[in-house]
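A.B. asks: Here it is, the structure in full.
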Amino acid sequence: MHAAAPTHVPRPGFLARRRRSYLLFVAPALVVVGAVIIFPWAFTVWMSAFDWKIGSVAHFVGFDNYTQLATNKRFLESILHTFYFTLLAVIFPLILGTIAALIFHREFPLRGMLRSIFTMPMMATPVAVALVWTMMFHPQQGVLNYLLSLVGLPPSLWVYSPTWVIPSLVLVEIWHWTPLIMLIVLGGLAALPTEPYESARLDGASEWQLFRYITLPLLAPFLIVAAVIRTIDALKAFDTIYVISQGGPGTASETINLYLYLQAFAFYNVGNASAVVVVFFVIILALALLLLHVREKAKWT
Amino acid sequence: MTDRSRDDHTDALRRRLLQAGAGAAALGAVPGASLLGAQAQGTFDWKRFKGEKIEVLLVKSPRGDLLSKYHKEFEDMTGIEVGSEMVPEQQQRQKAVIEFNSGNPSFDVIALSYHVQKRQFAKNNWLTDLRPMINDRMMADPNLDFADFAQGGLNYAVESDGRVMSLPLNLDPWVVYYNKELFAAKGVAFPKTFPQMIDAAAKLNDTGKGVSGFVGRGLKNANVPVWTSFLLGYGGGFVDKGGKLMTDSSEAIESAKMYQTLLGKYGPQGVAGYNWNEAQSLFLQGKAAMWLDGIGFAQPLEDPTKSRIVGKVGYGVMPAGPKQQVSALFADGEGISTFSKKKGPAWFYLQWASNKANQTRMLQAAAGAPVRTSAYAAAQASSDFKSPKEWVECMLASAKIAQPGLPIIAAVTEFRDTFGIALTNMINGADPAAELKRATAEFQPVLDKTEKA
């Protein structure tokens, strides 16, 4: 004890030194996070309070940009377009991906090869995919209308019609991203225990009952993860829409991202664009919280 | 003693500039004019800036490619080293704004599209006034010869106060491509007036055979020049002297109705999503009787590997409107950054880029329609010149009746966006008067804000 006492005396100093050395290790992360996340974010919020067009002088306008957005019909419509697009682009890949996963979970000849082929769309570059689809959508020379004519259906205008442009764009998303959902769900299926199925079969459950009361609840956490990933992807979708329809015809497929791009990089209204970013961020945050909440609930059932 | 021809050259040049600028009285007062006397004994020497290095920002296009290909020639001739960067059009415009705005752009010379960048650059004073160098005998190539430059190009290059901010290189007047075979089959003559044009589109429109009477851009933003082509013929304008939009005038509404009829009624299905490339491919397939667009498409139309209508293409000058016959004009040129520390070498580059040899090459390679009138005869004289004679005639005739196809304002992209949406809506059945009224009301505040000093 006596010998130990002196070594205990400088303890606070030792702790402080320890703390300082922790700081040393944490500092790089702090600097990086500060520089690439916090600073740009704070700066965006700051800029959203200015009326600033690149090339002219910035004026401080407080919340003016936000009040203008609140009454801007085009912006409000773009929010609706975003939700509409996201909803369709989440639900359809989710359903189709789950069905595909159930199919590929079974044993059948050439399964491995077919599964690899099925995942191929996912590997393609979005812009290239969009360009190919643009050609397929062409009302006179596109292959889609040719296929419709083969089965005796009248031609569609696809992305050239204000009513059908968003569903047509979603078609591209479905083709592109269903395989991802399939992979996630397939992983989930592989991890399922076999005992509940055996006992349910002994009790005389039908295939549908097996799926509805065992597979689906057990898969729920995986489906939620897939839904979260899809939601994030669909919300930030830009390349396909920009390449295929440019938000048109008119503004029929203009999502928040396209509106934002126009404001920032075509019109150089940096202040206004920053306000759009802030609003968009709040929307994403709200959606993320909602999905987290759903996920918590899924765990309990 | 100065030699006579050079005096003539300077006089011709001054006259030309006086014509080009409305208030060009200031010309005599520029520093260059006094230099003219002081340095009268010196002669122009391409090697003057030997050993210097300049940076050039070009647009990725056949014209940009062509200039870059011959940079070696400029370097050998002047001893000036050229570092050049070629960026796609949209990105080049963004880069220009951001770099100029930083006050320290990476380039000395920049290529600009007048219809988008002229007012923006002028308003921010981003380009150097070239007059002092034009008037300096030590600096101006005796062969510069402004009399050779088409008036439409000079109108774009010169500000209303007489300052010369750039040299024009390429003109893009809008013309009507037409399918001679389809016209002959129905016994229709090429229209001379707007009513005849609508009439021809109606007669040639044949939905059974999948042939459209007319095709043009319907995609928002891209579609605005199609409408302004009609607007100018109706005698309409964009902005009045007081800064108020004239885009809901009766002329504007009539021309919008014409746009709605030609594209909505006689255009192909889905034309609301057509840009020039969709329109071009339809016309190439022989599925459209008329196509209104810029003059630069002769090469694909006459290329047997791409086109089904080689040799059947007619190149028509824009028909006359009720008030006047106008071809909507677009153009591009090159200017010198006001921040550049190498203005002399940069000016030499500009003179080289716009010289007769380069302009003739541009025409020969079908990369554009040169501003220099002499280039047409020079190119036609060579045996490997492929563009049809009718195209050259159409170009020269169109250049004579050309007027800017878009308002010269800073917020031109927003203008195109706002009015482009209105036009797309019209194709889909909206009322032209109501759409123009809405678009005008929407754009007026933007114009007020961006044009105030």
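By convention here, the chains of the structure tokens are called A, B, ... in the order presented, each chain's residues are numbered starting at 1, and ligands are numbered starting at 1 in the order presented.
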What are the residues of chain B that have an atom within 10 Å of an atom of chain A, counting only C-alpha atoms, as JSON, numbers by chain?

C.D. replies: {"B": [90, 91, 93, 94, 97, 98, 100, 101, 102, 120, 121, 123, 124, 210, 218, 219, 220, 221, 268, 269, 270, 271, 272, 273, 274, 278, 281, 282, 285, 287, 410, 411, 412, 413, 414, 415, 417, 418, 419, 420, 421, 422, 423, 424, 425, 426, 427, 428, 449, 450, 453]}

A.B. asks: Generate a file of the selected residues that holds N, CA and C atoms, formatted as a short mmCIF file (atom, residue, chain, number, x, y, z; two decimals), in the first residue's frame.

C.D. replies:
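Wrote part-v5.cif, looks like this:
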data_model
loop_
_atom_site.label_atom_id
_atom_site.label_comp_id
_atom_site.auth_asym_id
_atom_site.auth_seq_id
_atom_site.Cartn_x
_atom_site.Cartn_y
_atom_site.Cartn_z
N GLN B 90 -23.13 21.30 -71.51
CA GLN B 90 -23.77 21.66 -70.24
C GLN B 90 -22.73 21.90 -69.14
N GLN B 91 -21.76 20.97 -69.07
CA GLN B 91 -20.74 21.06 -68.03
C GLN B 91 -19.83 22.26 -68.27
N ARG B 93 -20.74 25.08 -69.48
CA ARG B 93 -21.46 26.27 -69.02
C ARG B 93 -21.39 26.40 -67.51
N GLN B 94 -21.51 25.25 -66.82
CA GLN B 94 -21.43 25.28 -65.36
C GLN B 94 -20.02 25.65 -64.91
N VAL B 97 -19.31 29.39 -65.27
CA VAL B 97 -19.90 30.21 -64.22
C VAL B 97 -19.12 30.09 -62.92
N ILE B 98 -18.80 28.86 -62.57
CA ILE B 98 -18.14 28.64 -61.28
C ILE B 98 -16.73 29.21 -61.29
N PHE B 100 -15.41 31.59 -63.37
CA PHE B 100 -15.41 33.05 -63.46
C PHE B 100 -15.76 33.65 -62.12
N ASN B 101 -16.72 33.01 -61.46
CA ASN B 101 -17.20 33.51 -60.18
C ASN B 101 -16.11 33.47 -59.12
N SER B 102 -15.18 32.52 -59.26
CA SER B 102 -14.09 32.42 -58.30
C SER B 102 -13.08 33.54 -58.50
N GLN B 120 -25.05 36.73 -69.87
CA GLN B 120 -24.49 36.35 -68.58
C GLN B 120 -23.04 36.85 -68.43
N PHE B 121 -22.25 36.63 -69.48
CA PHE B 121 -20.85 37.05 -69.44
C PHE B 121 -20.75 38.58 -69.45
N LYS B 123 -22.99 40.82 -68.47
CA LYS B 123 -23.51 41.43 -67.25
C LYS B 123 -22.47 41.37 -66.13
N ASN B 124 -21.70 40.31 -66.11
CA ASN B 124 -20.70 40.14 -65.06
C ASN B 124 -19.32 40.66 -65.46
N GLY B 210 -47.94 6.19 -91.21
CA GLY B 210 -47.01 6.56 -90.14
C GLY B 210 -46.13 7.75 -90.51
N GLY B 218 -40.30 18.93 -79.09
CA GLY B 218 -41.42 19.14 -78.19
C GLY B 218 -40.97 19.13 -76.74
N LEU B 219 -39.77 18.60 -76.51
CA LEU B 219 -39.23 18.48 -75.14
C LEU B 219 -39.03 19.87 -74.55
N LYS B 220 -39.46 20.03 -73.31
CA LYS B 220 -39.35 21.35 -72.68
C LYS B 220 -37.92 21.86 -72.73
N ASN B 221 -37.76 23.15 -72.76
CA ASN B 221 -36.47 23.81 -72.86
C ASN B 221 -35.94 23.76 -74.30
N PRO B 268 -45.66 13.68 -84.74
CA PRO B 268 -45.79 12.27 -84.36
C PRO B 268 -46.33 12.13 -82.94
N GLN B 269 -46.83 10.95 -82.63
CA GLN B 269 -47.27 10.66 -81.26
C GLN B 269 -46.07 10.78 -80.33
N GLY B 270 -46.29 11.41 -79.19
CA GLY B 270 -45.21 11.50 -78.21
C GLY B 270 -44.20 12.59 -78.50
N VAL B 271 -44.55 13.51 -79.41
CA VAL B 271 -43.59 14.55 -79.80
C VAL B 271 -43.24 15.45 -78.61
N ALA B 272 -44.07 15.45 -77.58
CA ALA B 272 -43.80 16.25 -76.38
C ALA B 272 -42.49 15.83 -75.71
N GLY B 273 -41.99 14.64 -76.03
CA GLY B 273 -40.73 14.20 -75.45
C GLY B 273 -39.59 14.24 -76.46
N TYR B 274 -39.84 14.78 -77.64
CA TYR B 274 -38.81 14.78 -78.69
C TYR B 274 -37.79 15.91 -78.50
N GLU B 278 -34.48 12.74 -81.57
CA GLU B 278 -35.65 11.95 -81.92
C GLU B 278 -36.25 12.46 -83.23
N SER B 281 -34.11 11.31 -86.10
CA SER B 281 -34.19 9.90 -86.49
C SER B 281 -35.51 9.63 -87.21
N LEU B 282 -36.58 10.35 -86.83
CA LEU B 282 -37.85 10.16 -87.54
C LEU B 282 -37.73 10.66 -88.98
N GLN B 285 -35.76 8.40 -91.25
CA GLN B 285 -36.49 7.21 -91.66
C GLN B 285 -37.50 7.51 -92.76
N LYS B 287 -40.09 9.35 -92.27
CA LYS B 287 -41.41 9.31 -91.63
C LYS B 287 -41.91 10.71 -91.26
N ALA B 410 -29.81 37.27 -69.02
CA ALA B 410 -28.94 36.40 -68.22
C ALA B 410 -29.65 35.09 -67.87
N ALA B 411 -30.95 35.17 -67.58
CA ALA B 411 -31.67 33.98 -67.11
C ALA B 411 -32.29 33.22 -68.27
N VAL B 412 -31.52 33.03 -69.34
CA VAL B 412 -32.09 32.43 -70.55
C VAL B 412 -32.49 30.97 -70.32
N THR B 413 -31.75 30.26 -69.47
CA THR B 413 -32.10 28.86 -69.21
C THR B 413 -33.45 28.76 -68.49
N GLU B 414 -33.67 29.68 -67.55
CA GLU B 414 -34.96 29.69 -66.86
C GLU B 414 -36.08 30.08 -67.82
N PHE B 415 -35.78 31.02 -68.72
CA PHE B 415 -36.76 31.41 -69.74
C PHE B 415 -37.17 30.19 -70.54
N ASP B 417 -36.88 27.09 -69.76
CA ASP B 417 -37.56 26.10 -68.93
C ASP B 417 -39.03 26.46 -68.75
N THR B 418 -39.27 27.72 -68.35
CA THR B 418 -40.64 28.16 -68.06
C THR B 418 -41.52 28.09 -69.30
N PHE B 419 -41.02 28.65 -70.41
CA PHE B 419 -41.82 28.66 -71.64
C PHE B 419 -41.84 27.28 -72.30
N GLY B 420 -40.77 26.51 -72.07
CA GLY B 420 -40.74 25.16 -72.60
C GLY B 420 -41.84 24.30 -72.00
N ILE B 421 -42.07 24.45 -70.71
CA ILE B 421 -43.15 23.69 -70.05
C ILE B 421 -44.49 24.10 -70.64
N ALA B 422 -44.68 25.42 -70.83
CA ALA B 422 -45.94 25.90 -71.41
C ALA B 422 -46.17 25.27 -72.79
N LEU B 423 -45.11 25.21 -73.61
CA LEU B 423 -45.25 24.67 -74.96
C LEU B 423 -45.55 23.17 -74.93
N THR B 424 -44.87 22.45 -74.04
CA THR B 424 -45.14 21.01 -73.91
C THR B 424 -46.59 20.79 -73.50
N ASN B 425 -47.07 21.62 -72.56
CA ASN B 425 -48.46 21.49 -72.14
C ASN B 425 -49.40 21.74 -73.31
N MET B 426 -49.02 22.69 -74.19
CA MET B 426 -49.87 22.98 -75.35
C MET B 426 -49.98 21.77 -76.27
N ILE B 427 -48.86 21.08 -76.48
CA ILE B 427 -48.90 19.88 -77.32
C ILE B 427 -49.90 18.89 -76.74
N ASN B 428 -49.93 18.83 -75.41
CA ASN B 428 -50.86 17.91 -74.75
C ASN B 428 -52.24 18.52 -74.56
N LYS B 449 -35.48 40.43 -61.45
CA LYS B 449 -34.42 40.20 -60.47
C LYS B 449 -33.06 40.05 -61.14
N THR B 450 -33.02 39.30 -62.25
CA THR B 450 -31.72 38.98 -62.84
C THR B 450 -31.20 40.09 -63.74
N ALA B 453 -29.38 45.99 -62.38
CA ALA B 453 -27.92 46.15 -62.36
C ALA B 453 -27.28 45.79 -61.03
#

A.B. asks: So which residues of region 21-194 of chain A fall under helix (DSSP H, G or I) by DSSP, listed as a ChimeraX atom specification?

C.D. replies: /A:21-47,64-71,73-105,111-118,120-123,126-137,143-150,158-160,165-190

A.B. asks: So that I can check the surroundings of Val61 (chain A), please list as a PyMOL selection string every protein, DNA and RNA residue that reaches within 8 Å of it, counting only C-alpha atoms and ignoring chain neighbours fewer than 5 positions away.

C.D. replies: chain A and resi 49-51

A.B. asks: Next, the residues of the selection above should be written as a tab-separated table (two decimals), in the first residue's frame with N, CA and C atoms.

C.D. replies:
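The resulting again34.tsv:
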chain	number	residue	atom	x	y	z
A	49	ALA	N	-30.61	30.75	-46.20
A	49	ALA	CA	-31.18	32.00	-45.68
A	49	ALA	C	-30.80	33.19	-46.57
A	50	PHE	N	-30.15	32.89	-47.73
A	50	PHE	CA	-29.74	33.97	-48.62
A	50	PHE	C	-30.44	33.88	-49.97
A	51	ASP	N	-30.64	35.03	-50.56
A	51	ASP	CA	-31.09	35.07	-51.94
A	51	ASP	C	-29.82	35.23	-52.77

A.B. asks: Set the distance at 6 Å and use only C-alpha atoms: which residues neighbour Ala402 (chain B) once local chain neighbours fewer than 6 positions away are removed? I'd like the list as an MDAnalysis selection string.

C.D. replies: chainID B and resid 326:329

A.B. asks: Of the candidates A:Leu223, A:Ala124, A:Val151, A:Leu289, which shows the shortest atom-to-atom distance to His176 (chain A), using only C-alpha atoms?

C.D. replies: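 The closest residue to His176 (chain A) is A:Ala124.
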
A.B. asks: Mind pulling up the distance from CA of Ser212 (chain B) to CA of Val317 (chain B)?

C.D. replies: 19.9 Å

A.B. asks: Using CA of Glu254 (chain B) and CA of Lys118 (chain B) as the two end points, give the distance in Å to one decimal.

C.D. replies: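 Between these atoms lies a distance of 28.6 Å.
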
A.B. asks: Which residues, written as a ChimeraX atom specification, have at least one atom at most 8 Å from region 79-94 of chain A, with only C-alpha atoms counted and residues fewer than 6 positions away on the same chain left out?

C.D. replies: /A:166-167,170,173-174,177-178,181,223,226-227,230-231,234-235,252-256

A.B. asks: Ranking B:Asn355, B:Ser383, B:Ser68, B:Thr78 by minimum distance to Gly51 (chain B) and counting only C-alpha atoms, which one comes first?

C.D. replies: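 When distances to Gly51 (chain B) are compared using only C-alpha atoms, the smallest one comes from B:Thr78.
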
A.B. asks: Just to confirm, what's the straight-line distance from CA of Gly216 (chain B) to CA of Arg372 (chain B) in Å (one decimal)?

C.D. replies: 28.5 Å

A.B. asks: Could you list, as a list in words, every residue within 12 Å of Val127 (chain A), counting only C-alpha atoms and ignoring same-chain residues fewer than 2 positions away?

C.D. replies: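 Surrounding residues, per the criterion: Met123, Ala124, Thr125, Val129, Ala130, Leu131, Val132, Trp133, Thr134, Val172, His176, Ala237, Phe238, Asp239, Thr240, Ile241, Tyr242, Val243 and Ile244 of chain A.
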
A.B. asks: Name all residues at most 6 Å from Trp276 (chain B) (count only C-alpha atoms; drop same-chain ones fewer than 3 positions away) and give them as a PyMOL selection string.

C.D. replies: chain B and resi 217+279-280

A.B. asks: Find, counting only C-alpha atoms, the residue in B:Phe297, B:Phe194, B:Phe238, B:Phe214 that gets nearest to Leu182 (chain B).

C.D. replies: B:Phe214

A.B. asks: For the strand (DSSP E) assignment from backbone DSSP, which residues of region 110-319 of chain B qualify? Please present them as a list in words.

C.D. replies: Ile110, Ala111, Leu112, Ser113, Ser166, Leu167, Pro168, Leu169, Asn170, Leu171, Asp172, Pro173, Trp174, Val175, Val176, Tyr177, Tyr178, Asn179, Met290, Trp291, Leu292, Asp293, Gly294, Val313, Gly314, Tyr315 and Gly316 of chain B
